Amino acid sequence: MFDNKRTVYVPQGDELDIAVACHRLQLPLMLRGPTGIGKTTFVYYLSSVLNKPLVEEVCTEDTLAADLVGRRLPDGWVDGSATSSLRHKDGAVYYLDELGEARPNAMTVVHSLTDDRRTLDVRVNGEVLRASDDWMLISSYNPLYQLQNNVKPSTAQRFITLDIPFPESELEERIVSEVIKGDSLITENVSVKKYKNNGNVPINKLVKLANDYRRLAQSAESVGLREGPGTRLVVRTAKLIGYGLSELRAIEVGMINPLTYDSEQKVGMTDIARKLFR
Ligand SMILES: Nc1ncnc2c1ncn2[C@@H]1O[C@H](COP(=O)(O)OP(=O)(O)OP(=O)(O)O)[C@@H](O)[C@H]1O
Ligand SMILES: [Mg+2]
């Protein structure tokens with residue numbers, strides 16, 4: 001944990017809106033993008049906007065499940081990063097940086113935390129920890145040099161997924177000048193956009209779309225699509241629409257991005273969605 005009150009972050013788009021929606025809806029968020037475009041900086045900024053402590057684990061190929069869960073040492077039990085994040089009664093932002101690097105068993109540890117259980121089995125210490133309502137899991141990785149295949153579909157489909165691209169030149173100039181100034185964007189001035197809840201979630205169209213994607217995953221036309229969407233993705237996309245995000249944006253971060261990083265595949269899937277949703 002550290003003082004993140006003075007993190008300078010210049011938003012590229014609606015990343016703060018999506019992240020706040022995920023916090024409210026208790027959904028885990030994955031940030032994807034090339035190196036140095038501000039993923040880590042954004043998480044520091046988010047924890048400051050949400051006013052929650054940040055607990056961070058930087059995953060490497062040596063990261064083990066015990067680093068997340070904890071371990072029993074000769075002189076007693078030592079919490080892992082996930083365990084200690086869950087001990088904050090008023091919630092915390094738990095950040096798994098470079099999740100794609102972690103060993104498969106470390107990734108599997110987070111499965112129960114990323115589905116509706118929101119629990120962590122710390123049986124080795126005789127306890128099962130439940131996340132408080134204000135606890136959020138956020139993760140990031142760089143799909144360009146980490147094989148996307150490193151992250152199994154069963155893990156990838158557990159995260160609302162936001163792609164952060166290289167910024168447009170004009171925006172990048174602003175980012176550089178704000179970062180150089182260093183103190184112009186402290187988070188006290190940030191207002192989080194309010195959304196009007198949508199009581200008319202088009203569930204039947206979402207299910208139809210999911211079936212279109214399942215058929216696509218089985219067809220020869222699918223390039224980077226490894227598996228069709230599970231019902232979890234349909235439910236979570238429906239929640240994002242109910243929260244008030246636009247249908248197509250919710251479908252993008254809730255259903256398309258968790259399934260693929262391939263840009264051609266994403267365009268094709270967005271076109272299919274556009275036929276059903278304006
Ligand atoms: N949108 C932004 N707002 C403010 N600073 C930014 C932004 N994007 C990049 N930066 C600057 O670029 C540097 C690198 O950003 P950061 O470490 O967050 O990248 P990253 O996406 O986490 O990279 P990696 O994948 O290598 O971990 C930061 O120290 C910050 O100065
Ligand atoms: Mg980083």
# chains A, B, ... in the order shown; residues from 1 in each chain; ligands from 1
call {"tool": "select_by_dssp", "arguments": {"residues": "range 117-156 of chain A", "states": "strand (DSSP E)", "output": "number ranges by chain"}}
result
A: 119-122, 127-130, 136-141
call {"tool": "closest_atom_pairs", "arguments": {"of": "chain A", "to": "ligand 2", "cutoff": "7 Å", "atoms": "only C-alpha atoms and all ligand atoms", "output": "CSV"}}
result
residue,atom,partner,partner_atom_place_in_ligand_line,distance
A:Thr35,CA,ligand 2,1 (Mg),7.0
A:Gly36,CA,ligand 2,1 (Mg),6.8
A:Gly38,CA,ligand 2,1 (Mg),6.9
A:Lys39,CA,ligand 2,1 (Mg),5.5
A:Thr40,CA,ligand 2,1 (Mg),4.2
A:Asp97,CA,ligand 2,1 (Mg),6.4
call {"tool": "write_last_selection", "arguments": {"atoms": "C-alpha atoms", "output": "compact mmCIF listing (two decimals), in the first residue's frame"}}
result
# COMPACT_ATOMS: atom_id res chain seq x y z
CA THR A 35 3.52 -1.53 -22.53
CA GLY A 36 3.70 2.00 -21.15
CA GLY A 38 -0.79 3.83 -18.47
CA LYS A 39 -2.50 0.65 -17.27
CA THR A 40 -0.74 0.62 -13.91
CA ASP A 97 -0.50 -6.76 -12.57
call {"tool": "residues_near_ligand", "arguments": {"ligand": "ligand 1", "cutoff": "8 Å", "atoms": "only C-alpha atoms and all ligand atoms", "output": "VMD selection string"}}
result
chain A and resid 8 to 12 33 to 42 97 to 98 140 to 142 167 172 175 to 176 178 to 179
call {"tool": "write_last_selection", "arguments": {"atoms": "C-alpha atoms", "output": "PDB file, in the first residue's frame"}}
result
ATOM      1  CA  VAL A   8      -1.566  12.038 -12.487  1.00  0.00           C
ATOM      2  CA  TYR A   9      -3.701  10.239 -14.989  1.00  0.00           C
ATOM      3  CA  VAL A  10      -5.209  11.585 -18.186  1.00  0.00           C
ATOM      4  CA  PRO A  11      -8.160   9.444 -19.290  1.00  0.00           C
ATOM      5  CA  GLN A  12      -8.156   8.263 -22.905  1.00  0.00           C
ATOM      6  CA  GLY A  33      -2.815  -3.000 -23.859  1.00  0.00           C
ATOM      7  CA  PRO A  34       0.761  -2.477 -24.950  1.00  0.00           C
ATOM      8  CA  THR A  35       3.518  -1.527 -22.535  1.00  0.00           C
ATOM      9  CA  GLY A  36       3.699   1.998 -21.150  1.00  0.00           C
ATOM     10  CA  ILE A  37       0.223   3.238 -22.053  1.00  0.00           C
ATOM     11  CA  GLY A  38      -0.788   3.834 -18.468  1.00  0.00           C
ATOM     12  CA  LYS A  39      -2.496   0.647 -17.266  1.00  0.00           C
ATOM     13  CA  THR A  40      -0.738   0.621 -13.914  1.00  0.00           C
ATOM     14  CA  THR A  41      -1.052   4.380 -13.573  1.00  0.00           C
ATOM     15  CA  PHE A  42      -4.792   4.062 -14.180  1.00  0.00           C
ATOM     16  CA  ASP A  97      -0.501  -6.756 -12.568  1.00  0.00           C
ATOM     17  CA  GLU A  98       0.627  -8.916 -15.517  1.00  0.00           C
ATOM     18  CA  SER A 140      -3.828  -6.144 -16.434  1.00  0.00           C
ATOM     19  CA  TYR A 141      -1.615  -7.741 -19.001  1.00  0.00           C
ATOM     20  CA  ASN A 142       0.055  -7.016 -22.276  1.00  0.00           C
ATOM     21  CA  PRO A 167      -3.348   7.390 -27.570  1.00  0.00           C
ATOM     22  CA  GLU A 172      -0.555  11.916 -26.088  1.00  0.00           C
ATOM     23  CA  ILE A 175      -0.609  13.276 -21.351  1.00  0.00           C
ATOM     24  CA  VAL A 176       3.072  14.137 -21.642  1.00  0.00           C
ATOM     25  CA  GLU A 178       0.322  16.901 -17.699  1.00  0.00           C
ATOM     26  CA  VAL A 179       2.780  14.285 -16.468  1.00  0.00           C
TER      27      VAL A 179
END
call {"tool": "select_by_dssp", "arguments": {"residues": "range 65-246 of chain A", "states": "helix (DSSP H, G or I)", "output": "PDB file with C-alpha atoms, in the first residue's frame"}}
result
ATOM      1  CA  ALA A  65      -0.805 -19.657  -5.609  1.00  0.00           C
ATOM      2  CA  ALA A  66       0.750 -19.285  -2.141  1.00  0.00           C
ATOM      3  CA  ASP A  67       1.888 -15.751  -2.980  1.00  0.00           C
ATOM      4  CA  LEU A  68      -1.783 -14.862  -3.399  1.00  0.00           C
ATOM      5  CA  VAL A  69      -3.331 -17.055  -0.715  1.00  0.00           C
ATOM      6  CA  SER A  81      -1.732 -10.485  -1.342  1.00  0.00           C
ATOM      7  CA  ALA A  82      -5.295 -11.641  -2.101  1.00  0.00           C
ATOM      8  CA  THR A  83      -5.876 -12.611   1.528  1.00  0.00           C
ATOM      9  CA  SER A  84      -4.604  -9.299   2.840  1.00  0.00           C
ATOM     10  CA  SER A  85      -6.721  -7.355   0.337  1.00  0.00           C
ATOM     11  CA  LEU A  86      -9.805  -9.209   1.590  1.00  0.00           C
ATOM     12  CA  LEU A  99      -1.749 -11.739 -14.676  1.00  0.00           C
ATOM     13  CA  GLY A 100      -0.814 -13.467 -17.948  1.00  0.00           C
ATOM     14  CA  GLU A 101       2.638 -14.179 -16.504  1.00  0.00           C
ATOM     15  CA  PRO A 104      -1.769 -21.523 -14.055  1.00  0.00           C
ATOM     16  CA  ASN A 105      -2.405 -22.530 -10.441  1.00  0.00           C
ATOM     17  CA  ALA A 106      -2.069 -18.904  -9.337  1.00  0.00           C
ATOM     18  CA  MET A 107      -4.597 -17.856 -11.983  1.00  0.00           C
ATOM     19  CA  THR A 108      -6.984 -20.564 -10.863  1.00  0.00           C
ATOM     20  CA  VAL A 109      -6.866 -19.218  -7.312  1.00  0.00           C
ATOM     21  CA  HIS A 111     -11.482 -18.038 -10.117  1.00  0.00           C
ATOM     22  CA  SER A 112     -13.680 -18.134  -7.014  1.00  0.00           C
ATOM     23  CA  LEU A 113     -12.983 -14.420  -6.482  1.00  0.00           C
ATOM     24  CA  THR A 114     -14.002 -13.525 -10.012  1.00  0.00           C
ATOM     25  CA  ARG A 123      -8.439 -23.789   3.927  1.00  0.00           C
ATOM     26  CA  VAL A 124      -4.752 -24.128   4.807  1.00  0.00           C
ATOM     27  CA  ASN A 125      -5.445 -21.493   7.459  1.00  0.00           C
ATOM     28  CA  GLN A 148      -3.000 -14.502 -25.265  1.00  0.00           C
ATOM     29  CA  ASN A 149      -3.122 -18.268 -24.960  1.00  0.00           C
ATOM     30  CA  ASN A 150      -1.419 -18.003 -21.599  1.00  0.00           C
ATOM     31  CA  PRO A 153     -10.704 -18.861 -21.829  1.00  0.00           C
ATOM     32  CA  SER A 154     -12.079 -19.885 -18.432  1.00  0.00           C
ATOM     33  CA  THR A 155      -9.958 -17.132 -16.884  1.00  0.00           C
ATOM     34  CA  ALA A 156     -10.378 -14.569 -19.676  1.00  0.00           C
ATOM     35  CA  SER A 169      -1.199  12.201 -31.014  1.00  0.00           C
ATOM     36  CA  GLU A 170      -3.092  15.179 -29.628  1.00  0.00           C
ATOM     37  CA  LEU A 171      -4.063  13.274 -26.503  1.00  0.00           C
ATOM     38  CA  GLU A 172      -0.555  11.916 -26.088  1.00  0.00           C
ATOM     39  CA  GLU A 173       0.794  15.470 -26.152  1.00  0.00           C
ATOM     40  CA  ARG A 174      -1.615  16.344 -23.358  1.00  0.00           C
ATOM     41  CA  ILE A 175      -0.609  13.276 -21.351  1.00  0.00           C
ATOM     42  CA  VAL A 176       3.072  14.137 -21.642  1.00  0.00           C
ATOM     43  CA  SER A 177       2.556  17.768 -20.686  1.00  0.00           C
ATOM     44  CA  GLU A 178       0.322  16.901 -17.699  1.00  0.00           C
ATOM     45  CA  VAL A 179       2.780  14.285 -16.468  1.00  0.00           C
ATOM     46  CA  ILE A 180       5.645  16.763 -16.781  1.00  0.00           C
ATOM     47  CA  LYS A 181       3.682  19.373 -14.821  1.00  0.00           C
ATOM     48  CA  THR A 187      -8.023  13.125  -8.114  1.00  0.00           C
ATOM     49  CA  GLU A 188     -10.024  15.323  -5.736  1.00  0.00           C
ATOM     50  CA  ASN A 189     -11.360  17.173  -8.789  1.00  0.00           C
ATOM     51  CA  ILE A 203     -32.174 -10.085 -22.780  1.00  0.00           C
ATOM     52  CA  ASN A 204     -33.559 -11.983 -25.771  1.00  0.00           C
ATOM     53  CA  LYS A 205     -31.309 -10.098 -28.191  1.00  0.00           C
ATOM     54  CA  LEU A 206     -28.274 -10.685 -25.954  1.00  0.00           C
ATOM     55  CA  VAL A 207     -28.943 -14.423 -25.900  1.00  0.00           C
ATOM     56  CA  LYS A 208     -29.370 -14.406 -29.666  1.00  0.00           C
ATOM     57  CA  LEU A 209     -26.056 -12.586 -30.019  1.00  0.00           C
ATOM     58  CA  ALA A 210     -24.326 -15.080 -27.714  1.00  0.00           C
ATOM     59  CA  ASN A 211     -25.616 -17.899 -29.916  1.00  0.00           C
ATOM     60  CA  ASP A 212     -24.354 -16.099 -33.026  1.00  0.00           C
ATOM     61  CA  TYR A 213     -20.901 -15.915 -31.393  1.00  0.00           C
ATOM     62  CA  ARG A 214     -21.034 -19.578 -30.378  1.00  0.00           C
ATOM     63  CA  ARG A 215     -21.759 -20.552 -33.969  1.00  0.00           C
ATOM     64  CA  LEU A 216     -18.946 -18.280 -35.130  1.00  0.00           C
ATOM     65  CA  ALA A 217     -16.477 -19.901 -32.706  1.00  0.00           C
ATOM     66  CA  GLN A 218     -17.211 -23.252 -34.331  1.00  0.00           C
ATOM     67  CA  THR A 231     -23.809 -17.517 -19.926  1.00  0.00           C
ATOM     68  CA  ARG A 232     -21.631 -15.606 -17.430  1.00  0.00           C
ATOM     69  CA  LEU A 233     -20.724 -13.149 -20.186  1.00  0.00           C
ATOM     70  CA  VAL A 234     -24.372 -12.696 -21.137  1.00  0.00           C
ATOM     71  CA  VAL A 235     -25.358 -12.027 -17.522  1.00  0.00           C
ATOM     72  CA  ARG A 236     -22.553  -9.537 -16.992  1.00  0.00           C
ATOM     73  CA  THR A 237     -23.207  -7.716 -20.246  1.00  0.00           C
ATOM     74  CA  ALA A 238     -26.866  -7.465 -19.221  1.00  0.00           C
ATOM     75  CA  LYS A 239     -25.773  -5.972 -15.872  1.00  0.00           C
ATOM     76  CA  LEU A 240     -23.641  -3.343 -17.610  1.00  0.00           C
ATOM     77  CA  ILE A 241     -26.566  -2.379 -19.839  1.00  0.00           C
ATOM     78  CA  GLY A 242     -28.848  -2.268 -16.791  1.00  0.00           C
ATOM     79  CA  TYR A 243     -26.313   0.026 -15.113  1.00  0.00           C
TER      80      TYR A 243
END
call {"tool": "residues_around", "arguments": {"residues": "Val20 in chain A", "least_positions_apart": "6", "cutoff": "10 Å", "atoms": "only C-alpha atoms", "output": "PyMOL selection string"}}
result
chain A and resi 26-27+29+46+49-50+136+192-194
call {"tool": "closest_residue", "arguments": {"among": "A:Val223, A:Val43, A:Leu162, A:Leu64", "to": "Ala250 in chain A", "atoms": "only C-alpha atoms"}}
result
A:Leu162
call {"tool": "residues_around", "arguments": {"residues": "Met269 in chain A", "least_positions_apart": "4", "cutoff": "7 Å", "atoms": "only C-alpha atoms", "output": "PDB file with C-alpha atoms, in the first residue's frame"}}
result
ATOM      1  CA  ILE A 256     -16.383  -9.398 -27.304  1.00  0.00           C
ATOM      2  CA  GLN A 265     -12.157 -10.789 -35.191  1.00  0.00           C
ATOM      3  CA  ALA A 273     -23.757  -7.035 -32.821  1.00  0.00           C
TER       4      ALA A 273
END
